[in-house]
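The structure file structure01.cif is reproduced below (mmCIF, C-alpha atoms).
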data_start
loop_
_atom_site.label_atom_id
_atom_site.label_comp_id
_atom_site.auth_asym_id
_atom_site.auth_seq_id
_atom_site.Cartn_x
_atom_site.Cartn_y
_atom_site.Cartn_z
CA MET A 213 15.53 7.13 9.43
CA SER A 214 17.23 5.62 6.41
CA GLU A 215 20.56 6.79 4.99
CA LEU A 216 18.71 8.46 2.10
CA PHE A 217 17.23 11.06 4.41
CA ASN A 218 20.67 12.16 5.66
CA HIS A 219 21.44 13.82 2.31
CA PRO A 220 19.82 17.29 2.28
CA ILE A 221 21.16 17.93 -1.23
CA ILE A 222 18.53 15.59 -2.67
CA GLU A 223 15.74 17.57 -4.34
CA SER A 224 12.65 16.44 -6.18
CA GLU A 225 10.04 17.58 -8.63
CA LYS A 226 7.33 15.72 -10.47
CA GLN A 227 8.69 12.19 -11.03
CA LYS A 228 12.30 13.42 -11.08
CA LEU A 229 15.12 13.23 -8.54
CA ARG A 230 18.03 15.69 -8.52
CA ILE A 231 21.19 15.52 -6.48
CA THR A 232 24.38 17.62 -6.50
CA ALA A 233 27.39 15.34 -6.02
CA ALA A 234 29.48 15.97 -2.91
CA ARG A 235 32.07 13.32 -3.77
CA THR A 236 33.69 11.53 -6.69
CA GLY A 237 32.54 8.13 -7.90
CA ARG A 238 30.82 6.18 -10.63
CA LEU A 239 27.34 7.34 -11.51
CA SER A 240 25.97 3.92 -10.53
CA SER A 241 27.26 4.34 -6.98
CA PHE A 242 25.21 7.54 -6.55
CA LEU A 243 22.09 5.83 -7.86
CA LEU A 244 22.49 2.88 -5.52
CA ARG A 245 23.81 4.66 -2.43
CA GLU A 246 22.45 8.19 -2.23
CA LEU A 247 19.20 7.53 -4.10
CA LYS A 248 18.66 3.98 -2.78
CA MET A 249 17.72 2.77 -6.26
CA SER A 250 17.44 -0.95 -6.90
CA THR A 251 19.87 -2.56 -9.35
CA GLY A 252 16.95 -3.71 -11.49
CA LEU A 253 15.48 -0.22 -11.82
CA MET A 254 18.91 1.31 -12.50
CA ASN A 255 19.51 -1.20 -15.30
CA LYS A 256 16.08 -0.45 -16.76
CA LEU A 257 16.60 3.32 -16.72
CA LYS A 258 20.11 3.26 -18.16
CA TRP A 259 18.85 2.20 -21.61
CA GLY A 260 16.96 5.45 -22.05
CA ASP A 261 17.93 9.05 -21.42
CA GLY A 262 16.33 9.25 -17.96
CA ILE A 263 19.69 9.37 -16.15
CA ARG A 264 21.61 12.58 -16.79
CA VAL A 265 24.64 14.39 -15.44
CA ASN A 266 24.58 18.17 -15.93
CA GLY A 267 21.69 17.71 -18.34
CA ILE A 268 23.48 15.18 -20.57
CA PRO A 269 22.48 11.47 -20.75
CA GLN A 270 25.28 9.31 -19.34
CA HIS A 271 26.04 5.62 -18.83
CA THR A 272 26.10 4.34 -15.28
CA ASN A 273 29.91 4.01 -15.32
CA TYR A 274 30.32 7.77 -15.92
CA PRO A 275 32.87 9.34 -13.50
CA VAL A 276 30.97 11.88 -11.41
CA GLN A 277 32.84 14.84 -9.87
CA PRO A 278 31.86 17.05 -6.91
CA GLY A 279 29.42 19.70 -8.06
CA ASP A 280 27.98 17.61 -10.91
CA VAL A 281 24.18 17.61 -10.98
CA ILE A 282 22.60 14.17 -11.37
CA THR A 283 18.95 13.93 -12.43
CA VAL A 284 16.84 10.79 -12.74
CA ALA A 285 13.45 10.84 -14.50
CA LEU A 286 11.06 8.24 -13.11
CA ASP A 287 8.19 8.60 -15.58
CA GLU A 288 6.27 5.37 -16.08
CA GLU A 289 4.68 3.81 -19.16
CA THR A 290 0.93 4.01 -19.77
CA PRO A 291 -0.76 0.85 -18.41
CA GLU A 292 -2.36 -1.66 -20.77
CA TYR A 293 -5.75 -1.48 -19.05
CA PRO A 294 -8.05 1.44 -19.93
CA ALA A 295 -7.97 4.70 -18.02
CA GLU A 296 -11.45 5.61 -16.78
CA ASP A 297 -13.07 8.65 -15.26
CA GLY A 298 -14.69 7.43 -12.07
CA PRO A 299 -15.25 8.13 -8.38
CA LEU A 300 -12.00 8.73 -6.52
CA THR A 301 -11.82 10.02 -2.94
CA ILE A 302 -8.32 11.45 -2.54
CA LEU A 303 -6.98 11.61 1.03
CA TYR A 304 -3.43 12.75 0.24
CA GLU A 305 -1.31 13.52 -2.81
CA ASP A 306 2.16 14.87 -3.58
CA ASP A 307 4.70 14.31 -6.36
CA TRP A 308 5.41 10.76 -5.14
CA LEU A 309 2.38 9.42 -3.30
CA LEU A 310 -1.38 9.13 -3.70
CA ALA A 311 -3.71 7.89 -0.97
CA VAL A 312 -7.38 7.20 -1.68
CA ASP A 313 -10.41 5.69 0.02
CA LYS A 314 -11.56 2.51 -1.74
CA PRO A 315 -15.25 1.67 -1.38
CA SER A 316 -16.54 -1.79 -0.63
CA GLY A 317 -17.17 -3.95 -3.71
CA MET A 318 -14.38 -2.43 -5.81
CA LEU A 319 -11.44 -4.50 -7.03
CA ILE A 320 -7.93 -3.09 -6.70
CA HIS A 321 -6.58 -4.45 -10.01
CA PRO A 322 -8.10 -5.33 -13.39
CA SER A 323 -8.20 -9.01 -14.28
CA ARG A 324 -9.07 -11.16 -17.27
CA ALA A 325 -12.62 -11.37 -15.99
CA LYS A 326 -12.97 -7.65 -15.22
CA ASN A 327 -10.82 -5.11 -17.05
CA THR A 328 -12.77 -1.98 -16.10
CA GLY A 329 -14.30 -0.35 -13.06
CA THR A 330 -11.40 -1.12 -10.71
CA LEU A 331 -9.42 1.26 -8.55
CA ALA A 332 -6.48 0.99 -10.96
CA ASN A 333 -8.68 2.12 -13.87
CA PHE A 334 -9.89 5.19 -11.99
CA VAL A 335 -6.40 6.11 -10.76
CA ALA A 336 -5.09 5.79 -14.34
CA GLY A 337 -7.90 8.11 -15.43
CA PHE A 338 -6.95 10.61 -12.74
CA TYR A 339 -3.29 10.54 -13.80
CA GLN A 340 -4.29 10.99 -17.43
CA LYS A 341 -6.59 13.91 -16.61
CA THR A 342 -3.92 15.63 -14.50
CA GLY A 343 -1.08 14.98 -16.97
CA GLN A 344 0.96 12.73 -14.69
CA LYS A 345 3.14 9.96 -16.14
CA CYS A 346 2.64 7.65 -13.20
CA ALA A 347 1.81 4.00 -12.68
CA PHE A 348 -0.32 2.08 -10.19
CA HIS A 349 1.87 0.72 -7.37
CA PRO A 350 -0.32 -0.09 -4.34
CA LEU A 351 1.42 -0.57 -1.03
CA THR A 352 -1.79 -1.86 0.53
CA ARG A 353 -3.91 -4.47 -1.27
CA LEU A 354 -7.43 -4.71 0.07
CA ASP A 355 -9.95 -7.46 -0.64
CA ARG A 356 -12.80 -6.45 -2.93
CA ASP A 357 -15.19 -5.98 0.01
CA THR A 358 -12.70 -4.43 2.45
CA PHE A 359 -12.94 -0.66 2.29
CA GLY A 360 -10.77 2.24 3.38
CA ILE A 361 -7.36 3.72 2.71
CA VAL A 362 -5.10 2.51 -0.10
CA LEU A 363 -1.62 4.03 -0.40
CA LEU A 364 -0.13 4.21 -3.89
CA ALA A 365 3.40 4.97 -5.02
CA LYS A 366 3.54 6.85 -8.30
CA ASN A 367 6.60 4.94 -9.54
CA ALA A 368 8.48 1.71 -8.88
CA HIS A 369 11.35 3.44 -7.02
CA ILE A 370 9.07 4.99 -4.40
CA HIS A 371 7.19 1.70 -4.07
CA ALA A 372 10.44 -0.14 -3.31
CA LEU A 373 11.40 2.42 -0.65
CA LEU A 374 8.00 2.14 1.02
CA GLN A 375 8.19 -1.66 1.06
CA GLN A 376 11.49 -1.47 2.93
CA GLU A 377 9.90 0.60 5.70
CA LYS A 378 6.69 -1.43 6.21
CA PRO A 379 4.17 1.20 7.35
CA LYS A 380 2.05 0.55 10.43
CA LYS A 381 -1.49 -0.38 9.42
CA THR A 382 -4.59 0.00 11.57
CA TYR A 383 -7.94 -1.58 10.68
CA HIS A 384 -11.34 -1.30 12.33
CA ALA A 385 -13.80 -4.19 12.29
CA LEU A 386 -17.34 -4.65 13.54
CA VAL A 387 -17.63 -8.24 14.76
CA TYR A 388 -20.36 -10.58 15.98
CA GLY A 389 -19.73 -11.30 19.62
CA ALA A 390 -16.51 -10.16 21.29
CA PRO A 391 -13.09 -11.56 22.20
CA ALA A 392 -12.62 -12.82 25.75
CA GLU A 393 -9.93 -10.24 26.51
CA MET A 394 -10.00 -6.48 25.94
CA GLN A 395 -6.73 -6.70 24.00
CA GLY A 396 -4.26 -9.33 22.92
CA THR A 397 -2.29 -10.95 20.13
CA VAL A 398 -3.39 -13.72 17.77
CA THR A 399 -0.63 -15.96 16.40
CA ALA A 400 -2.64 -18.69 14.63
CA PRO A 401 -0.81 -19.81 11.43
CA ILE A 402 -2.63 -19.58 8.09
CA ALA A 403 -2.48 -21.91 5.08
CA ARG A 404 -4.16 -22.08 1.68
CA CYS A 405 -7.19 -24.33 1.26
CA ALA A 406 -6.97 -27.04 -1.36
CA LEU A 407 -7.33 -25.81 -4.94
CA PRO A 408 -9.46 -24.69 -6.70
CA SER A 409 -10.56 -22.80 -3.57
CA LEU A 410 -9.02 -19.35 -3.10
CA LEU A 411 -9.78 -19.30 0.61
CA ARG A 412 -7.41 -19.74 3.55
CA LYS A 413 -7.66 -21.63 6.82
CA ILE A 414 -6.12 -21.77 10.27
CA ASP A 415 -3.55 -24.58 10.11
CA PRO A 416 -0.70 -25.43 12.54
CA ASN A 417 1.42 -26.19 9.46
CA GLY A 418 0.63 -22.85 7.84
CA LYS A 419 2.70 -19.68 7.62
CA PRO A 420 3.31 -17.67 10.80
CA CYS A 421 0.78 -14.88 11.32
CA ILE A 422 0.49 -12.18 13.97
CA THR A 423 -2.42 -9.82 14.61
CA GLU A 424 -2.65 -7.41 17.55
CA TYR A 425 -6.16 -6.37 18.60
CA ARG A 426 -7.87 -3.98 21.01
CA MET A 427 -11.57 -3.72 21.77
CA LEU A 428 -12.83 -0.16 21.20
CA GLU A 429 -16.52 -0.67 21.99
CA ARG A 430 -18.76 -3.52 23.08
CA GLY A 431 -22.48 -3.82 22.59
CA PRO A 432 -25.04 -6.51 23.47
CA GLN A 433 -24.20 -8.63 20.42
CA THR A 434 -21.33 -6.91 18.62
CA ALA A 435 -17.99 -5.25 19.27
CA ARG A 436 -15.78 -2.80 17.40
CA LEU A 437 -12.15 -3.87 17.24
CA GLU A 438 -8.92 -2.10 16.33
CA LEU A 439 -6.63 -4.50 14.47
CA HIS A 440 -2.91 -4.23 13.72
CA PRO A 441 -1.62 -6.87 11.26
CA VAL A 442 2.06 -7.45 12.09
CA THR A 443 2.27 -9.91 9.20
CA GLY A 444 0.37 -9.57 5.93
CA ARG A 445 -1.17 -12.91 4.96
CA THR A 446 -4.19 -13.12 2.67
CA HIS A 447 -7.47 -12.88 4.65
CA GLN A 448 -5.46 -12.70 7.88
CA LEU A 449 -7.70 -10.30 9.79
CA ARG A 450 -10.90 -12.05 8.76
CA LEU A 451 -9.54 -15.44 9.80
CA HIS A 452 -8.07 -14.22 13.06
CA CYS A 453 -11.34 -12.55 14.09
CA ALA A 454 -13.18 -15.80 13.37
CA TYR A 455 -10.49 -17.68 15.34
CA LEU A 456 -11.18 -15.40 18.33
CA GLY A 457 -14.83 -16.48 18.14
CA CYS A 458 -16.07 -13.14 16.83
CA PRO A 459 -16.31 -13.23 13.01
CA ILE A 460 -16.56 -9.95 11.12
CA LEU A 461 -20.14 -9.01 10.34
CA GLY A 462 -21.05 -9.47 6.68
CA ASP A 463 -18.16 -11.89 5.98
CA PRO A 464 -19.70 -14.73 3.91
CA GLN A 465 -16.52 -16.83 3.73
CA TYR A 466 -15.39 -16.91 7.36
CA GLY A 467 -18.57 -15.97 9.19
CA THR A 468 -20.89 -18.35 11.04
CA GLU A 469 -24.56 -19.01 10.44
CA GLU A 470 -25.32 -16.85 13.47
CA SER A 471 -23.15 -13.94 12.35
CA MET A 472 -24.55 -14.00 8.82
CA ALA A 473 -28.13 -14.20 10.09
CA TYR A 474 -27.50 -11.19 12.34
CA SER A 475 -25.86 -9.34 9.42
CA ALA A 476 -28.91 -10.05 7.26
CA LYS A 477 -31.20 -8.83 10.04
CA LEU A 478 -29.32 -5.51 10.08
CA GLY A 479 -29.24 -5.29 6.27
CA ILE A 480 -25.44 -5.56 6.14
CA GLN A 481 -24.38 -6.58 2.63
CA THR A 482 -20.58 -6.39 2.90
CA GLN A 483 -17.91 -7.31 5.44
CA LEU A 484 -17.42 -4.51 7.97
CA LEU A 485 -13.64 -4.27 7.78
CA CYS A 486 -12.07 -0.86 7.18
CA ALA A 487 -8.42 0.01 6.50
CA LYS A 488 -8.52 2.99 8.86
CA ARG A 489 -4.99 4.38 9.28
CA LEU A 490 -1.45 4.27 7.87
CA GLU A 491 1.63 5.58 9.68
CA PHE A 492 4.99 5.83 7.91
CA SER A 493 7.87 8.11 7.00
CA HIS A 494 7.79 9.86 3.64
CA PRO A 495 10.20 7.99 1.30
CA ILE A 496 11.78 11.23 0.02
CA THR A 497 11.55 13.80 2.83
CA GLY A 498 11.65 11.41 5.78
CA GLU A 499 8.83 13.33 7.46
CA PRO A 500 6.37 11.24 9.52
CA LEU A 501 2.94 10.89 7.91
CA THR A 502 -0.31 9.64 9.41
CA LEU A 503 -3.17 9.13 6.95
CA ASP A 504 -6.73 8.36 8.05
CA SER A 505 -9.65 7.01 6.07
CA LYS A 506 -12.87 9.01 6.08
CA MET A 507 -14.81 5.74 6.15
CA ASN A 508 -15.68 3.63 9.19
CA VAL A 509 -17.32 0.33 10.03
CA THR A 510 -20.57 1.83 11.25
CA GLN A 511 -21.20 4.05 8.23
CA LEU A 512 -20.26 2.82 4.74
#

What does this structure look like when you write it as structure tokens?
Amino acid sequence: MSELFNHPIIESEKQKLRITAARTGRLSSFLLRELKMSTGLMNKLKWGDGIRVNGIPQHTNYPVQPGDVITVALDEETPEYPAEDGPLTILYEDDWLLAVDKPSGMLIHPSRAKNTGTLANFVAGFYQKTGQKCAFHPLTRLDRDTFGIVLLAKNAHIHALLQQEKPKKTYHALVYGAPAEMQGTVTAPIARCALPSLLRKIDPNGKPCITEYRMLERGPQTARLELHPVTGRTHQLRLHCAYLGCPILGDPQYGTEESMAYSAKLGIQTQLLCAKRLEFSHPITGEPLTLDSKMNVTQL
């Protein structure tokens, strides 16, 4: 548990932190130490009136005394991309976090080519409809065709705290064939393919990558795997399954002719890779949280 969670005087409400000082010191020291705020965010907030002592805006060098009440407003600016009303399956929400199930085929972020219809557009629409001044800070970034749970921080401060902890991620995949062992660890390094390709490849000169796997079920031609990415390289799970000799069904980039033919036979039109579970401690309360997707690799 981080040092932040050892301060029971920290309170919170919608996008606002409040702490009653138990010592003397510069205001900046409370922001950095008790609230674990980054220097960059503190410098950004100090130019507005979001940092207050006893209800009065103060500079970060203000001398805080025991009993002073420090409040920090973490409201975020409205994004440049349009807010849209669209399908959003909410798995968990509180003042700081939002977890949703992303369907296959949906992009996480808008781009120059597609500025609407993404998860970020629908989350912005949800925030607008519910009157929340929040931004889109995904902790998990899924490929367009990977489906399942996406955890979002509602402001940059919470996102930074979550990144420090590195939640445990569990994926499920339906693969063609099966690994030789019931469980194991894949350590094959991954590198970028030559531009303009956006794909990756297994390369001894690539970046270190670690994936832990366990076989959950095995059929005549397929298997269902539980995957734990220890590292977080682009396309890591898809490449490591292919490296094991059991590519993910429906994966057109890293699948084989046999796996794609079998996928077509079954009518599978997307890669069967699901972000199934996240385990982490809440960045404000410190309480352990386990979030599970309602989706799975056998029923999209």

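Considering all atoms listed in the file, the residue among A:Tyr474, A:Tyr466, A:Tyr339, A:Tyr274 positioned nearest to A:Leu411 is A:Tyr466.
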
task: Report as a PyMOL selection string the residues that result from applying the PyMOL selection byres ((chain A and resi 242) around 12) to the structure here.
output: chain A and resi 216+219+222+229-241+243-251+254+263-265+272-278+280-284

task: Name the residues that the PyMOL selection byres ((chain A and resi 421) around 9) picks from the file above, as an MDAnalysis selection string, using the file's chain letters and numbers.
output: chainID A and resid 398:402 418:420 422:423 441:445 448

Would you mind exporting C-alpha atoms of the selected residues as a PDB file, in the coordinates of the input?
ATOM      1  CA  VAL A 398      -3.390 -13.720  17.770  1.00  0.00           C
ATOM      2  CA  THR A 399      -0.630 -15.960  16.400  1.00  0.00           C
ATOM      3  CA  ALA A 400      -2.640 -18.690  14.630  1.00  0.00           C
ATOM      4  CA  PRO A 401      -0.810 -19.810  11.430  1.00  0.00           C
ATOM      5  CA  ILE A 402      -2.630 -19.580   8.090  1.00  0.00           C
ATOM      6  CA  GLY A 418       0.630 -22.850   7.840  1.00  0.00           C
ATOM      7  CA  LYS A 419       2.700 -19.680   7.620  1.00  0.00           C
ATOM      8  CA  PRO A 420       3.310 -17.670  10.800  1.00  0.00           C
ATOM      9  CA  ILE A 422       0.490 -12.180  13.970  1.00  0.00           C
ATOM     10  CA  THR A 423      -2.420  -9.820  14.610  1.00  0.00           C
ATOM     11  CA  PRO A 441      -1.620  -6.870  11.260  1.00  0.00           C
ATOM     12  CA  VAL A 442       2.060  -7.450  12.090  1.00  0.00           C
ATOM     13  CA  THR A 443       2.270  -9.910   9.200  1.00  0.00           C
ATOM     14  CA  GLY A 444       0.370  -9.570   5.930  1.00  0.00           C
ATOM     15  CA  ARG A 445      -1.170 -12.910   4.960  1.00  0.00           C
ATOM     16  CA  GLN A 448      -5.460 -12.700   7.880  1.00  0.00           C
TER      17      GLN A 448
END

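Rounded to one decimal, atom CA of A:Pro500 and atom CA of A:Arg426 lie 23.8 Å from each other.
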
field: Nearby residues (all atoms listed in the file) at most 10 Å from A:Cys405, same-chain spacing under 6 positions excluded, as a list in words
entry: Leu411, Arg412, Lys413, Ile414 and Asp415 of chain A

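Counting from atom CA of A:Cys458, the distance to atom CA of A:Lys378 is 27.7 Å.
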
Interatomic distance, atom CA of A:Thr352 to atom CA of A:Tyr425 (Å, one decimal): 19.1 Å

message: So that I can check the surroundings of A:His440, please list as a PyMOL selection string every protein, DNA and RNA residue that reaches within 6 Å of it, counting only C-alpha atoms and ignoring chain neighbours fewer than 2 positions away.
response: chain A and resi 381-382+423-424

Those same residues - C-alpha atoms - I'd like them written as a PDB file, in the coordinates of the input.
ATOM      1  CA  LYS A 381      -1.490  -0.380   9.420  1.00  0.00           C
ATOM      2  CA  THR A 382      -4.590   0.000  11.570  1.00  0.00           C
ATOM      3  CA  THR A 423      -2.420  -9.820  14.610  1.00  0.00           C
ATOM      4  CA  GLU A 424      -2.650  -7.410  17.550  1.00  0.00           C
TER       5      GLU A 424
END

message: Which residues would end up in the selection if the PyMOL selection byres ((chain A and resi 379) around 10) were applied here, given that I need the answer as a ChimeraX atom specification?
response: /A:351-352,374-378,380-382,489-493,501-502

query: With distances taken over all atoms listed in the file, which of A:Pro315, A:Gly267, A:Pro322, A:Pro294 is nearest to A:Leu354?
result: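 Smallest distance to A:Leu354 is found for A:Pro315.
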
Please produce stretch 261-272 of chain A, completed to all heavy atoms, as a short mmCIF file (atom, residue, chain, number, x, y, z; two decimals), keeping the file's coordinate frame.
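Once everything was written out, this is out_21.cif:
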data_model
loop_
_atom_site.label_atom_id
_atom_site.label_comp_id
_atom_site.auth_asym_id
_atom_site.auth_seq_id
_atom_site.Cartn_x
_atom_site.Cartn_y
_atom_site.Cartn_z
N ASP A 261 17.18 7.83 -21.73
CA ASP A 261 17.93 9.05 -21.42
C ASP A 261 17.45 9.64 -20.09
O ASP A 261 17.57 10.84 -19.85
CB ASP A 261 17.82 10.08 -22.54
CG ASP A 261 16.39 10.55 -22.75
OD1 ASP A 261 15.48 10.01 -22.08
OD2 ASP A 261 16.17 11.47 -23.56
N GLY A 262 16.88 8.77 -19.23
CA GLY A 262 16.33 9.25 -17.96
C GLY A 262 17.38 9.58 -16.92
O GLY A 262 17.08 10.24 -15.94
N ILE A 263 18.61 9.09 -17.10
CA ILE A 263 19.69 9.37 -16.15
C ILE A 263 20.65 10.35 -16.79
O ILE A 263 21.29 10.04 -17.81
CB ILE A 263 20.42 8.07 -15.74
CG1 ILE A 263 19.43 7.05 -15.16
CG2 ILE A 263 21.52 8.38 -14.73
CD1 ILE A 263 20.06 5.71 -14.85
N ARG A 264 20.77 11.53 -16.20
CA ARG A 264 21.61 12.58 -16.79
C ARG A 264 22.56 13.18 -15.76
O ARG A 264 22.25 13.22 -14.57
CB ARG A 264 20.73 13.69 -17.37
CG ARG A 264 19.78 13.20 -18.46
CD ARG A 264 19.08 14.34 -19.15
NE ARG A 264 18.30 13.88 -20.28
CZ ARG A 264 18.01 14.62 -21.35
NH1 ARG A 264 18.44 15.88 -21.41
NH2 ARG A 264 17.30 14.13 -22.35
N VAL A 265 23.68 13.64 -16.25
CA VAL A 265 24.64 14.39 -15.44
C VAL A 265 24.83 15.75 -16.12
O VAL A 265 25.21 15.80 -17.29
CB VAL A 265 25.99 13.65 -15.31
CG1 VAL A 265 26.96 14.49 -14.47
CG2 VAL A 265 25.79 12.27 -14.68
N ASN A 266 24.52 16.81 -15.39
CA ASN A 266 24.58 18.17 -15.93
C ASN A 266 23.75 18.32 -17.21
O ASN A 266 24.15 19.00 -18.16
CB ASN A 266 26.04 18.58 -16.18
CG ASN A 266 26.88 18.54 -14.91
OD1 ASN A 266 26.40 18.86 -13.83
ND2 ASN A 266 28.13 18.11 -15.04
N GLY A 267 22.61 17.61 -17.22
CA GLY A 267 21.69 17.71 -18.34
C GLY A 267 21.99 16.82 -19.51
O GLY A 267 21.25 16.82 -20.51
N ILE A 268 23.07 16.03 -19.46
CA ILE A 268 23.48 15.18 -20.57
C ILE A 268 23.29 13.71 -20.20
O ILE A 268 23.77 13.29 -19.14
CB ILE A 268 24.96 15.44 -20.95
CG1 ILE A 268 25.15 16.91 -21.31
CG2 ILE A 268 25.39 14.53 -22.10
CD1 ILE A 268 26.60 17.30 -21.51
N PRO A 269 22.62 12.89 -21.04
CA PRO A 269 22.48 11.47 -20.75
C PRO A 269 23.84 10.80 -20.60
O PRO A 269 24.75 11.03 -21.41
CB PRO A 269 21.72 10.92 -21.96
CG PRO A 269 21.02 12.11 -22.53
CD PRO A 269 21.93 13.28 -22.29
N GLN A 270 24.01 9.98 -19.58
CA GLN A 270 25.28 9.31 -19.34
C GLN A 270 25.05 7.85 -18.96
O GLN A 270 24.00 7.49 -18.43
CB GLN A 270 26.04 10.00 -18.20
CG GLN A 270 26.40 11.46 -18.44
CD GLN A 270 27.47 11.65 -19.52
OE1 GLN A 270 28.00 10.68 -20.06
NE2 GLN A 270 27.78 12.91 -19.83
N HIS A 271 26.07 7.02 -19.25
CA HIS A 271 26.04 5.62 -18.83
C HIS A 271 26.33 5.56 -17.33
O HIS A 271 26.91 6.48 -16.74
CB HIS A 271 27.07 4.80 -19.60
CG HIS A 271 26.76 4.68 -21.07
ND1 HIS A 271 25.64 4.02 -21.53
CD2 HIS A 271 27.41 5.14 -22.17
CE1 HIS A 271 25.61 4.07 -22.85
NE2 HIS A 271 26.68 4.76 -23.26
N THR A 272 25.97 4.45 -16.73
CA THR A 272 26.10 4.34 -15.28
C THR A 272 27.55 4.25 -14.81
O THR A 272 27.81 4.38 -13.62
CB THR A 272 25.32 3.10 -14.77
OG1 THR A 272 25.73 1.94 -15.50
CG2 THR A 272 23.82 3.31 -14.93
#
